[in-house]
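A.B. asks: Could you have a look at this structure, given as structure tokens, before my questions?
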Amino acid sequence: MSDFSNPQLIDRFGRQVTYLRISITDRCDFRCIYCMSEEMVFLPRAQILTLEEIVTLAQAFVELGVDKIRITGGEPLVRKGAVGLLERIGELDGLRQLVLTTNGSQLDKSAAALKAAGVKRINVSLDTLDSDNFRRITRTGDLHQVLKGIDAALAAGFERLKINAVILKNRNHREVTELVAFAIEKDMDISFIEEMPLGSVDGHDRAAEYYSSDEIKKDLEQRFTLLPTPETTGGPSRYFRIAGVNTKVGFISPHSHNFCAACNRVRLTAEGRLLLCLGNEHSVDLKRVLRANPGNSARLQQAIVAAMAIKPEKHHFDIKAQPVIFRHMNATGG
Ligand code: SAM
Ligand code: SF4
């Protein structure tokens with residue numbers, strides 16, 4: 001029986017889970033080539049968690065010691081009621097940080113409301129500053145709209161906005177210094193992400209387009225002085241400061257630098273599955289527990305605590321192999 005007087009989520013390897021990422025929808029207005037196929041079939045509505053269920057689950061996790069929640073998707077801001085949902089999660093007692101990852105397409109309309117809802121930080125995905133290349137990578141996105149969104153978020157007073165950029169060889173690898181210069185100009189941080197093999201996507205050869213964090217770092221060093229910093233969010237990013245400015249540069253390198261030993265996070269998919277590791281299929285169907293035991297928060301918390309026993313030690317991504325993970329990133333909550 002779990003001891004709920006001192007709630008904690010600790011796995012078999014002694015890692016404490018304090019960070020939950022929630023995908024509030026699998027839908028998106030973009031179709032980024034590394035994330036989705038062009039023709040995606042999205043989940044039927046009845047299969048995804050209701051807003052009410054998301055709040056109930058978030059509360060259960062916070063009561064078990066989670067103090068940071070990231071809302072993501074799909075594109076979280078395309079879900080109707082997303083801002084109201086963030087407001088309700090932001091009010092949970094014990095939650096220290098509510099943060100959001102977005103593609104920025106709706107930010108110009110919602111930045112001020114997100115700030116008022118208590119969102120502390122926003123990560124905006126942006127892989128290129130060239131509008132044609134932006135369209136090629138996102139297939140449907142409009143760079144200008146995203147840049148407007150970033151400006152709206154800065155105007156709303158968000159501190160340390162962060163850009164997330166997935167870098168692919170011959171698609172955008174020549175643009176890394178320009179992206180960092182943009183981050184410096186706007187006083188933002190930036191993280192470069194190595195692509196992860198989640199779901200197969202048509203028209204894109206992951207192994208051929210792999211571009212490592214070390215190569216990106218070398219490219220950046222042609223123009224900037226990167227100073228190592230011990231700063232960490234407890235997550236997979238390794239950070240560097242750029243001499244003379246505020247901007248931090250992070251590298252998320254699942255292939256070249258395994259980061260699992262310090263893993264403090266779990267993910268809740270849009271359909272209410274608790275994923276214990278991005279790179280493994282281990283999961284627990286919390287939607288089923290929730291719907292079978294309405295109003296029974298103790299039962300829900302027991303299921304969450306029990307899930308810690310199947311959190312794997314590490315991921316087994318191999319960019320050169322066929323994907324072993326069949327979920328796409330949008331369903332996962334990247
Ligand atoms: N739609 C929002 C966005 O794009 O920021 C939130 C969801 S998206 C799945 C979250 C992050 O995952 C984005 O920064 C995106 O670039 C990244 N991502 C998507 N597919 C990926 C993959 N296969 N490997 C690495 N990162 C990926
Ligand atoms: Fe949509 Fe984000 Fe996936 Fe791009 S990375 S398709 S914006 S969910």
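Chain lettering (A, B, ...) mirrors the order of the structure tokens, residue numbering begins at 1 for each chain separately, and ligand numbering begins at 1 in order of display.
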Using only C-alpha atoms and all ligand atoms, find each protein or nucleic acid residue lying at most 7 Å from ligand 1; present the set as a PyMOL selection string.

C.D. replies: chain A and resi 28+34-35+72-76+101-103+123-125+164-166+193-198+329-330+333-334

A.B. asks: I need the residues from that last selection saved to file as an mmCIF file, in the first residue's frame (with N, CA, C and O atoms), if you can.

C.D. replies:
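This is the output file part.cif:
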```cif
data_model
loop_
_atom_site.group_PDB
_atom_site.id
_atom_site.type_symbol
_atom_site.label_atom_id
_atom_site.label_comp_id
_atom_site.auth_asym_id
_atom_site.auth_seq_id
_atom_site.Cartn_x
_atom_site.Cartn_y
_atom_site.Cartn_z
ATOM 1 N N CYS A 28 -3.118 19.044 -35.067
ATOM 2 C CA CYS A 28 -2.183 20.142 -35.281
ATOM 3 C C CYS A 28 -2.506 20.826 -36.601
ATOM 4 O O CYS A 28 -3.013 20.192 -37.527
ATOM 5 N N TYR A 34 9.259 15.737 -39.699
ATOM 6 C CA TYR A 34 9.864 14.783 -38.763
ATOM 7 C C TYR A 34 8.840 14.278 -37.754
ATOM 8 O O TYR A 34 9.120 13.383 -36.968
ATOM 9 N N CYS A 35 7.663 14.888 -37.726
ATOM 10 C CA CYS A 35 6.678 14.588 -36.684
ATOM 11 C C CYS A 35 5.486 13.797 -37.201
ATOM 12 O O CYS A 35 5.016 12.873 -36.534
ATOM 13 N N THR A 72 1.452 20.358 -23.974
ATOM 14 C CA THR A 72 1.977 20.238 -25.318
ATOM 15 C C THR A 72 0.950 19.486 -26.178
ATOM 16 O O THR A 72 -0.210 19.389 -25.827
ATOM 17 N N GLY A 73 1.378 18.967 -27.335
ATOM 18 C CA GLY A 73 0.425 18.283 -28.202
ATOM 19 C C GLY A 73 1.177 17.400 -29.181
ATOM 20 O O GLY A 73 2.279 16.964 -28.874
ATOM 21 N N GLY A 74 0.645 17.333 -30.296
ATOM 22 C CA GLY A 74 -0.160 18.144 -31.187
ATOM 23 C C GLY A 74 0.094 19.631 -30.914
ATOM 24 O O GLY A 74 1.046 19.995 -30.236
ATOM 25 N N GLU A 75 -0.749 20.422 -31.469
ATOM 26 C CA GLU A 75 -0.628 21.837 -31.159
ATOM 27 C C GLU A 75 -1.637 22.180 -30.068
ATOM 28 O O GLU A 75 -2.846 22.215 -30.323
ATOM 29 N N PRO A 76 -1.148 22.424 -28.842
ATOM 30 C CA PRO A 76 -2.085 22.584 -27.728
ATOM 31 C C PRO A 76 -3.076 23.733 -27.944
ATOM 32 O O PRO A 76 -4.231 23.632 -27.537
ATOM 33 N N THR A 101 4.585 24.207 -24.644
ATOM 34 C CA THR A 101 5.315 24.098 -25.914
ATOM 35 C C THR A 101 4.326 24.282 -27.047
ATOM 36 O O THR A 101 3.281 23.623 -27.067
ATOM 37 N N THR A 102 4.637 25.168 -27.983
ATOM 38 C CA THR A 102 3.700 25.483 -29.053
ATOM 39 C C THR A 102 4.447 25.724 -30.356
ATOM 40 O O THR A 102 5.628 26.079 -30.340
ATOM 41 N N ASN A 103 3.721 25.568 -31.468
ATOM 42 C CA ASN A 103 4.345 25.914 -32.748
ATOM 43 C C ASN A 103 4.200 27.403 -33.034
ATOM 44 O O ASN A 103 4.695 27.887 -34.050
ATOM 45 N N ASN A 123 7.958 27.544 -24.821
ATOM 46 C CA ASN A 123 8.901 27.116 -25.859
ATOM 47 C C ASN A 123 8.183 27.197 -27.196
ATOM 48 O O ASN A 123 7.079 26.663 -27.327
ATOM 49 N N VAL A 124 8.810 27.852 -28.153
ATOM 50 C CA VAL A 124 8.218 27.949 -29.488
ATOM 51 C C VAL A 124 9.105 27.173 -30.454
ATOM 52 O O VAL A 124 10.327 27.392 -30.488
ATOM 53 N N SER A 125 8.489 26.298 -31.231
ATOM 54 C CA SER A 125 9.285 25.521 -32.189
ATOM 55 C C SER A 125 9.505 26.339 -33.450
ATOM 56 O O SER A 125 8.555 26.902 -34.004
ATOM 57 N N ASN A 164 12.805 26.060 -29.896
ATOM 58 C CA ASN A 164 13.222 24.659 -30.089
ATOM 59 C C ASN A 164 13.413 24.435 -31.570
ATOM 60 O O ASN A 164 12.482 24.676 -32.345
ATOM 61 N N ALA A 165 14.566 23.966 -31.970
ATOM 62 C CA ALA A 165 14.800 23.734 -33.399
ATOM 63 C C ALA A 165 15.278 22.303 -33.612
ATOM 64 O O ALA A 165 16.269 21.874 -33.010
ATOM 65 N N VAL A 166 14.560 21.566 -34.442
ATOM 66 C CA VAL A 166 15.025 20.236 -34.856
ATOM 67 C C VAL A 166 15.892 20.465 -36.097
ATOM 68 O O VAL A 166 15.449 21.096 -37.054
ATOM 69 N N ILE A 193 17.556 20.207 -31.171
ATOM 70 C CA ILE A 193 17.094 18.851 -30.850
ATOM 71 C C ILE A 193 17.505 17.890 -31.957
ATOM 72 O O ILE A 193 17.267 18.172 -33.136
ATOM 73 N N GLU A 194 18.114 16.772 -31.571
ATOM 74 C CA GLU A 194 18.360 15.712 -32.558
ATOM 75 C C GLU A 194 17.044 14.989 -32.802
ATOM 76 O O GLU A 194 16.288 14.726 -31.864
ATOM 77 N N GLU A 195 16.789 14.664 -34.037
ATOM 78 C CA GLU A 195 15.531 14.009 -34.365
ATOM 79 C C GLU A 195 15.432 12.630 -33.713
ATOM 80 O O GLU A 195 16.404 11.891 -33.646
ATOM 81 N N MET A 196 14.236 12.316 -33.229
ATOM 82 C CA MET A 196 14.021 11.000 -32.626
ATOM 83 C C MET A 196 13.131 10.161 -33.545
ATOM 84 O O MET A 196 12.201 10.689 -34.151
ATOM 85 N N PRO A 197 13.408 8.866 -33.632
ATOM 86 C CA PRO A 197 12.653 8.015 -34.565
ATOM 87 C C PRO A 197 11.297 7.596 -34.001
ATOM 88 O O PRO A 197 11.097 6.464 -33.596
ATOM 89 N N LEU A 198 10.349 8.527 -33.985
ATOM 90 C CA LEU A 198 9.021 8.214 -33.451
ATOM 91 C C LEU A 198 8.018 8.101 -34.592
ATOM 92 O O LEU A 198 7.692 9.097 -35.229
ATOM 93 N N MET A 329 5.195 11.718 -32.682
ATOM 94 C CA MET A 329 5.487 12.658 -31.604
ATOM 95 C C MET A 329 4.234 13.419 -31.180
ATOM 96 O O MET A 329 4.049 13.713 -30.012
ATOM 97 N N ASN A 330 3.344 13.720 -32.116
ATOM 98 C CA ASN A 330 2.157 14.505 -31.746
ATOM 99 C C ASN A 330 1.256 13.752 -30.784
ATOM 100 O O ASN A 330 0.585 14.348 -29.950
ATOM 101 N N GLY A 333 3.273 13.742 -27.085
ATOM 102 C CA GLY A 333 3.475 14.921 -26.244
ATOM 103 C C GLY A 333 4.943 15.211 -26.122
ATOM 104 O O GLY A 333 5.573 14.984 -25.112
ATOM 105 N N GLY A 334 5.541 15.670 -27.213
ATOM 106 C CA GLY A 334 6.993 15.914 -27.241
ATOM 107 C C GLY A 334 7.390 17.143 -26.487
ATOM 108 O O GLY A 334 6.564 17.881 -26.015
#
```

A.B. asks: Quick one: everything within 12 Å of His204 of chain A, counting only C-alpha atoms, minus sequence neighbours fewer than 6 positions away in the same chain. Send it as a ChimeraX atom specification.

C.D. replies: /A:32-38,136-137,168-171,195,197,210

A.B. asks: Set the distance at 10 Å and use only C-alpha atoms: which residues neighbour Gly250 of chain A once local chain neighbours fewer than 5 positions away are removed? I'd like the list as a PyMOL selection string.

C.D. replies: chain A and resi 162-164+189-193+213+217+232+236-241

A.B. asks: Atoms to include: N, CA and C atoms. Write the selected residues as a CSV table (one decimal), in the first residue's frame.

C.D. replies:
```csv
chain,number,residue,atom,x,y,z
A,162,LYS,N,11.9,30.4,-25.2
A,162,LYS,CA,12.9,29.5,-25.8
A,162,LYS,C,12.4,29.0,-27.2
A,163,ILE,N,13.4,29.0,-28.1
A,163,ILE,CA,13.2,28.4,-29.4
A,163,ILE,C,13.6,27.0,-29.3
A,164,ASN,N,12.8,26.1,-29.9
A,164,ASN,CA,13.2,24.7,-30.1
A,164,ASN,C,13.4,24.4,-31.6
A,189,ASP,N,16.3,32.2,-25.4
A,189,ASP,CA,17.2,31.0,-25.4
A,189,ASP,C,16.8,30.1,-26.6
A,190,ILE,N,17.7,29.2,-26.9
A,190,ILE,CA,17.4,28.3,-28.0
A,190,ILE,C,18.0,26.9,-27.7
A,191,SER,N,17.2,25.9,-28.0
A,191,SER,CA,17.7,24.5,-27.9
A,191,SER,C,17.6,23.8,-29.2
A,192,PHE,N,18.7,23.1,-29.5
A,192,PHE,CA,18.7,22.3,-30.7
A,192,PHE,C,18.4,20.8,-30.4
A,193,ILE,N,17.6,20.2,-31.2
A,193,ILE,CA,17.1,18.9,-30.9
A,193,ILE,C,17.5,17.9,-32.0
A,213,SER,N,24.3,16.9,-32.5
A,213,SER,CA,24.5,18.1,-31.7
A,213,SER,C,26.0,18.6,-31.8
A,217,LYS,N,27.3,22.2,-32.7
A,217,LYS,CA,28.1,23.0,-31.8
A,217,LYS,C,29.3,23.5,-32.5
A,232,THR,N,20.9,23.4,-15.3
A,232,THR,CA,20.1,22.3,-15.8
A,232,THR,C,18.7,22.5,-15.4
A,236,PRO,N,17.0,16.7,-20.3
A,236,PRO,CA,18.1,16.2,-21.2
A,236,PRO,C,19.0,17.2,-21.8
A,237,SER,N,18.6,18.5,-21.7
A,237,SER,CA,19.4,19.6,-22.3
A,237,SER,C,20.8,19.8,-21.7
A,238,ARG,N,21.8,19.9,-22.5
A,238,ARG,CA,23.1,20.4,-22.0
A,238,ARG,C,23.2,21.8,-22.4
A,239,TYR,N,23.5,22.7,-21.5
A,239,TYR,CA,23.5,24.2,-21.8
A,239,TYR,C,24.8,24.8,-21.9
A,240,PHE,N,24.9,25.8,-22.8
A,240,PHE,CA,26.1,26.7,-22.9
A,240,PHE,C,25.6,28.1,-22.9
A,241,ARG,N,26.4,29.0,-22.3
A,241,ARG,CA,26.1,30.4,-22.4
A,241,ARG,C,26.9,31.0,-23.6
```

A.B. asks: With DSSP run on the backbone, what are the alpha helix (DSSP H) residues within segment 105-332 of chain A? I'd like them as number ranges by chain.

C.D. replies: A: 107-116, 131-138, 143-155, 176-185, 213-221, 286-292, 297-307, 329-332

A.B. asks: Leaving out Leu85 of chain A and any residue of its chain fewer than 2 positions from it, which residues lie within 12 Å of it when counting only C-alpha atoms, given as a short mmCIF file (atom, residue, chain, number, x, y, z; two decimals) with all heavy atoms, in the first residue's frame?

C.D. replies:
```cif
data_model
loop_
_atom_site.label_atom_id
_atom_site.label_comp_id
_atom_site.auth_asym_id
_atom_site.auth_seq_id
_atom_site.Cartn_x
_atom_site.Cartn_y
_atom_site.Cartn_z
N ILE A 22 1.90 16.93 -20.61
CA ILE A 22 0.56 16.49 -21.02
C ILE A 22 0.29 16.92 -22.45
O ILE A 22 0.35 18.10 -22.78
CB ILE A 22 -0.54 17.11 -20.11
CG1 ILE A 22 -0.24 16.88 -18.63
CG2 ILE A 22 -1.91 16.55 -20.49
CD1 ILE A 22 -1.29 17.50 -17.69
N ILE A 24 -2.45 17.66 -24.85
CA ILE A 24 -3.89 17.88 -24.68
C ILE A 24 -4.67 17.65 -25.99
O ILE A 24 -5.88 17.68 -26.00
CB ILE A 24 -4.22 19.26 -24.06
CG1 ILE A 24 -3.80 20.41 -24.99
CG2 ILE A 24 -3.57 19.39 -22.70
CD1 ILE A 24 -4.36 21.76 -24.55
N THR A 50 -11.24 14.43 -21.79
CA THR A 50 -11.97 15.70 -21.74
C THR A 50 -11.11 16.69 -20.94
O THR A 50 -10.18 16.30 -20.22
CB THR A 50 -13.32 15.55 -21.02
OG1 THR A 50 -13.05 15.19 -19.66
CG2 THR A 50 -14.18 14.48 -21.68
N LEU A 51 -11.46 17.98 -21.04
CA LEU A 51 -10.70 18.99 -20.29
C LEU A 51 -10.80 18.69 -18.79
O LEU A 51 -9.82 18.81 -18.04
CB LEU A 51 -11.23 20.39 -20.60
CG LEU A 51 -11.11 20.81 -22.08
CD1 LEU A 51 -11.73 22.19 -22.31
CD2 LEU A 51 -9.65 20.81 -22.54
N GLU A 52 -12.00 18.28 -18.36
CA GLU A 52 -12.23 17.96 -16.95
C GLU A 52 -11.30 16.82 -16.50
O GLU A 52 -10.71 16.87 -15.43
CB GLU A 52 -13.71 17.54 -16.82
CG GLU A 52 -14.31 17.71 -15.47
CD GLU A 52 -14.20 19.12 -14.93
OE1 GLU A 52 -14.49 20.07 -15.67
OE2 GLU A 52 -13.78 19.25 -13.76
N GLU A 53 -11.22 15.79 -17.35
CA GLU A 53 -10.36 14.65 -17.00
C GLU A 53 -8.89 15.06 -16.93
O GLU A 53 -8.13 14.57 -16.08
CB GLU A 53 -10.54 13.53 -18.03
CG GLU A 53 -11.87 12.80 -17.90
CD GLU A 53 -12.16 11.84 -19.06
OE1 GLU A 53 -11.64 12.05 -20.18
OE2 GLU A 53 -12.93 10.90 -18.86
N ILE A 54 -8.49 15.98 -17.81
CA ILE A 54 -7.09 16.43 -17.77
C ILE A 54 -6.81 17.14 -16.44
O ILE A 54 -5.78 16.91 -15.80
CB ILE A 54 -6.78 17.36 -18.97
CG1 ILE A 54 -6.91 16.58 -20.29
CG2 ILE A 54 -5.37 17.95 -18.85
CD1 ILE A 54 -6.77 17.42 -21.55
N VAL A 55 -7.76 17.96 -15.99
CA VAL A 55 -7.55 18.66 -14.71
C VAL A 55 -7.47 17.65 -13.57
O VAL A 55 -6.57 17.72 -12.70
CB VAL A 55 -8.69 19.69 -14.44
CG1 VAL A 55 -8.52 20.31 -13.06
CG2 VAL A 55 -8.71 20.77 -15.52
N THR A 56 -8.37 16.65 -13.59
CA THR A 56 -8.36 15.64 -12.51
C THR A 56 -7.01 14.91 -12.48
O THR A 56 -6.43 14.68 -11.41
CB THR A 56 -9.49 14.61 -12.75
OG1 THR A 56 -10.72 15.33 -12.81
CG2 THR A 56 -9.55 13.57 -11.66
N ALA A 58 -4.11 15.98 -13.71
CA ALA A 58 -3.03 16.90 -13.32
C ALA A 58 -3.02 17.05 -11.80
O ALA A 58 -1.96 17.02 -11.16
CB ALA A 58 -3.24 18.26 -13.99
N ILE A 71 2.37 21.71 -20.92
CA ILE A 71 1.24 21.42 -21.81
C ILE A 71 1.77 21.45 -23.24
O ILE A 71 2.44 22.39 -23.66
CB ILE A 71 0.13 22.48 -21.62
CG1 ILE A 71 -0.38 22.48 -20.17
CG2 ILE A 71 -1.01 22.24 -22.61
CD1 ILE A 71 -1.00 21.18 -19.70
N PRO A 76 -1.15 22.42 -28.84
CA PRO A 76 -2.09 22.58 -27.73
C PRO A 76 -3.08 23.73 -27.94
O PRO A 76 -4.23 23.63 -27.54
CB PRO A 76 -1.17 22.86 -26.52
CG PRO A 76 0.17 23.21 -27.08
CD PRO A 76 0.26 22.51 -28.40
N LEU A 77 -2.62 24.80 -28.60
CA LEU A 77 -3.49 25.97 -28.70
C LEU A 77 -4.58 25.82 -29.76
O LEU A 77 -5.42 26.70 -29.90
CB LEU A 77 -2.66 27.24 -28.92
CG LEU A 77 -1.68 27.55 -27.77
CD1 LEU A 77 -0.89 28.81 -28.06
CD2 LEU A 77 -2.39 27.67 -26.43
N ARG A 79 -6.66 23.33 -29.50
CA ARG A 79 -7.79 22.69 -28.79
C ARG A 79 -8.69 23.77 -28.19
O ARG A 79 -8.20 24.66 -27.48
CB ARG A 79 -7.29 21.75 -27.69
CG ARG A 79 -8.46 21.15 -26.93
CD ARG A 79 -8.25 19.76 -26.45
NE ARG A 79 -9.50 19.26 -25.87
CZ ARG A 79 -9.61 18.18 -25.15
NH1 ARG A 79 -8.55 17.43 -24.92
NH2 ARG A 79 -10.78 17.79 -24.66
N LYS A 80 -9.98 23.66 -28.44
CA LYS A 80 -10.93 24.62 -27.89
C LYS A 80 -10.89 24.53 -26.37
O LYS A 80 -10.90 23.45 -25.81
CB LYS A 80 -12.34 24.29 -28.38
CG LYS A 80 -12.98 25.49 -29.03
CD LYS A 80 -14.47 25.46 -28.94
CE LYS A 80 -15.04 25.35 -30.32
NZ LYS A 80 -16.14 24.48 -30.48
N GLY A 81 -10.79 25.67 -25.69
CA GLY A 81 -10.78 25.67 -24.23
C GLY A 81 -9.39 25.52 -23.64
O GLY A 81 -9.24 25.40 -22.43
N ALA A 82 -8.35 25.55 -24.50
CA ALA A 82 -6.98 25.34 -24.00
C ALA A 82 -6.58 26.39 -22.96
O ALA A 82 -5.99 26.04 -21.92
CB ALA A 82 -5.98 25.36 -25.17
N VAL A 83 -6.92 27.64 -23.21
CA VAL A 83 -6.47 28.69 -22.27
C VAL A 83 -7.16 28.51 -20.91
O VAL A 83 -6.53 28.59 -19.85
CB VAL A 83 -6.71 30.10 -22.86
CG1 VAL A 83 -6.37 31.17 -21.83
CG2 VAL A 83 -5.86 30.30 -24.12
N GLU A 87 -5.50 27.80 -17.22
CA GLU A 87 -5.85 28.58 -16.02
C GLU A 87 -6.14 27.66 -14.85
O GLU A 87 -5.65 27.86 -13.75
CB GLU A 87 -7.13 29.35 -16.33
CG GLU A 87 -7.06 30.84 -16.14
CD GLU A 87 -8.27 31.48 -16.80
OE1 GLU A 87 -9.42 31.20 -16.37
OE2 GLU A 87 -8.06 32.22 -17.78
N ARG A 88 -6.92 26.60 -15.12
CA ARG A 88 -7.30 25.70 -14.03
C ARG A 88 -6.10 24.92 -13.52
O ARG A 88 -5.92 24.72 -12.32
CB ARG A 88 -8.41 24.76 -14.49
CG ARG A 88 -9.71 25.52 -14.73
CD ARG A 88 -10.80 24.60 -15.14
NE ARG A 88 -11.16 23.64 -14.09
CZ ARG A 88 -11.95 22.59 -14.29
NH1 ARG A 88 -12.43 22.35 -15.50
NH2 ARG A 88 -12.24 21.76 -13.31
N ILE A 89 -5.25 24.49 -14.42
CA ILE A 89 -4.06 23.75 -13.98
C ILE A 89 -3.12 24.70 -13.22
O ILE A 89 -2.54 24.34 -12.20
CB ILE A 89 -3.36 23.09 -15.18
CG1 ILE A 89 -4.28 22.02 -15.76
CG2 ILE A 89 -2.01 22.48 -14.78
CD1 ILE A 89 -3.73 21.29 -16.98
N GLY A 90 -3.05 25.94 -13.70
CA GLY A 90 -2.18 26.93 -13.05
C GLY A 90 -2.59 27.20 -11.60
O GLY A 90 -1.78 27.65 -10.79
N GLU A 91 -3.84 26.91 -11.28
CA GLU A 91 -4.32 27.19 -9.90
C GLU A 91 -4.04 26.04 -8.94
O GLU A 91 -4.30 26.15 -7.75
CB GLU A 91 -5.84 27.41 -9.93
CG GLU A 91 -6.22 28.78 -10.45
CD GLU A 91 -7.71 28.89 -10.81
OE1 GLU A 91 -8.44 27.87 -10.66
OE2 GLU A 91 -8.10 29.97 -11.25
N LEU A 92 -3.52 24.92 -9.44
CA LEU A 92 -3.35 23.76 -8.55
C LEU A 92 -2.32 24.06 -7.46
O LEU A 92 -1.20 24.51 -7.75
CB LEU A 92 -2.90 22.52 -9.35
CG LEU A 92 -3.91 21.94 -10.33
CD1 LEU A 92 -3.29 20.79 -11.13
CD2 LEU A 92 -5.16 21.45 -9.58
N LEU A 98 4.11 26.03 -14.51
CA LEU A 98 3.27 25.59 -15.63
C LEU A 98 3.89 26.17 -16.89
O LEU A 98 4.07 27.39 -16.99
CB LEU A 98 1.84 26.12 -15.44
CG LEU A 98 0.89 25.85 -16.60
CD1 LEU A 98 0.71 24.35 -16.83
CD2 LEU A 98 -0.47 26.50 -16.33
N ALA A 113 -3.46 36.18 -22.81
CA ALA A 113 -4.32 35.33 -21.98
C ALA A 113 -3.50 34.22 -21.30
O ALA A 113 -3.77 33.84 -20.16
CB ALA A 113 -5.43 34.72 -22.82
N LEU A 114 -2.49 33.73 -21.99
CA LEU A 114 -1.64 32.67 -21.41
C LEU A 114 -0.85 33.21 -20.23
O LEU A 114 -0.69 32.56 -19.20
CB LEU A 114 -0.69 32.11 -22.47
CG LEU A 114 -1.34 31.30 -23.59
CD1 LEU A 114 -0.35 31.03 -24.71
CD2 LEU A 114 -1.91 29.98 -23.03
N ALA A 117 -3.08 33.48 -17.40
CA ALA A 117 -3.44 32.16 -16.87
C ALA A 117 -2.35 31.57 -15.97
O ALA A 117 -2.55 30.52 -15.37
CB ALA A 117 -3.73 31.21 -18.03
N GLY A 118 -1.21 32.22 -15.92
CA GLY A 118 -0.17 31.73 -15.02
C GLY A 118 0.89 30.88 -15.70
O GLY A 118 1.71 30.23 -15.03
N VAL A 119 0.90 30.87 -17.04
CA VAL A 119 1.96 30.13 -17.74
C VAL A 119 3.28 30.86 -17.49
O VAL A 119 3.38 32.06 -17.69
CB VAL A 119 1.67 30.04 -19.26
CG1 VAL A 119 2.82 29.40 -20.00
CG2 VAL A 119 0.37 29.27 -19.49
#
```

A.B. asks: May I have the residues within 9 Å of Val305 of chain A as a PDB file with N, CA and C atoms, in the first residue's frame, using only C-alpha atoms and disregarding those fewer than 4 positions away in the same chain?

C.D. replies:
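Wrote it out as result.pdb, contents follow:
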```
ATOM      1  N   SER A   2       0.576   2.210  -0.796  1.00  0.00           N
ATOM      2  CA  SER A   2       1.414   3.413  -0.860  1.00  0.00           C
ATOM      3  C   SER A   2       1.170   4.321   0.334  1.00  0.00           C
ATOM      4  N   GLN A   8       5.111  10.572  -3.161  1.00  0.00           N
ATOM      5  CA  GLN A   8       6.280  10.702  -4.032  1.00  0.00           C
ATOM      6  C   GLN A   8       6.176   9.664  -5.123  1.00  0.00           C
ATOM      7  N   LEU A   9       6.741  10.008  -6.249  1.00  0.00           N
ATOM      8  CA  LEU A   9       6.775   9.046  -7.342  1.00  0.00           C
ATOM      9  C   LEU A   9       8.235   8.682  -7.566  1.00  0.00           C
ATOM     10  N   ILE A  10       8.619   7.497  -7.121  1.00  0.00           N
ATOM     11  CA  ILE A  10      10.021   7.091  -7.257  1.00  0.00           C
ATOM     12  C   ILE A  10      10.075   5.765  -8.011  1.00  0.00           C
ATOM     13  N   ASP A  11      10.938   5.706  -9.010  1.00  0.00           N
ATOM     14  CA  ASP A  11      10.973   4.481  -9.816  1.00  0.00           C
ATOM     15  C   ASP A  11      12.009   3.489  -9.268  1.00  0.00           C
ATOM     16  N   LEU A  64       0.895  13.991  -5.860  1.00  0.00           N
ATOM     17  CA  LEU A  64       1.940  12.967  -5.682  1.00  0.00           C
ATOM     18  C   LEU A  64       3.344  13.554  -5.832  1.00  0.00           C
ATOM     19  N   LEU A 300      -6.984   6.350  -8.505  1.00  0.00           N
ATOM     20  CA  LEU A 300      -6.186   6.926  -9.596  1.00  0.00           C
ATOM     21  C   LEU A 300      -4.725   7.090  -9.148  1.00  0.00           C
ATOM     22  N   GLN A 301      -4.546   7.601  -7.950  1.00  0.00           N
ATOM     23  CA  GLN A 301      -3.182   7.801  -7.457  1.00  0.00           C
ATOM     24  C   GLN A 301      -2.452   6.469  -7.275  1.00  0.00           C
ATOM     25  N   ALA A 309       6.787   1.334 -11.291  1.00  0.00           N
ATOM     26  CA  ALA A 309       7.511   0.058 -11.330  1.00  0.00           C
ATOM     27  C   ALA A 309       7.874  -0.355 -12.753  1.00  0.00           C
TER      28      ALA A 309
END
```

A.B. asks: Counting only C-alpha atoms and all ligand atoms, which of A:Asp127, A:Asp219, A:Asp132, A:Glu209 gets nearest to ligand 2?

C.D. replies: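 Looking at the shortest contact to ligand 2, the residue is A:Asp127.
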
A.B. asks: Would you return as a list in words the members of segment 7-156 of chain A that DSSP assigns to strand (DSSP E or B) on this structure's backbone?

C.D. replies: Ile10, Gln16, Tyr19, Leu20, Arg21, Ile22, Ser23, Lys68, Ile69, Arg70, Ile71, Thr72, Gln97, Leu98, Val99, Leu100, Thr101, Thr102, Arg121, Ile122, Asn123, Val124 and Ser125 of chain A

A.B. asks: Which is closer to Arg288 of chain A than all the others in A:Ala261, A:Met308, A:Arg139, A:Leu49, using only C-alpha atoms?

C.D. replies: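 Comparing A:Ala261, A:Met308, A:Arg139, A:Leu49 against Arg288 of chain A, the winner is A:Leu49.
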
A.B. asks: I'd like to know which of A:Ser105, A:Gln59, A:Gln97, A:Thr177 is closest to Thr140 of chain A, using only C-alpha atoms.

C.D. replies: A:Ser105
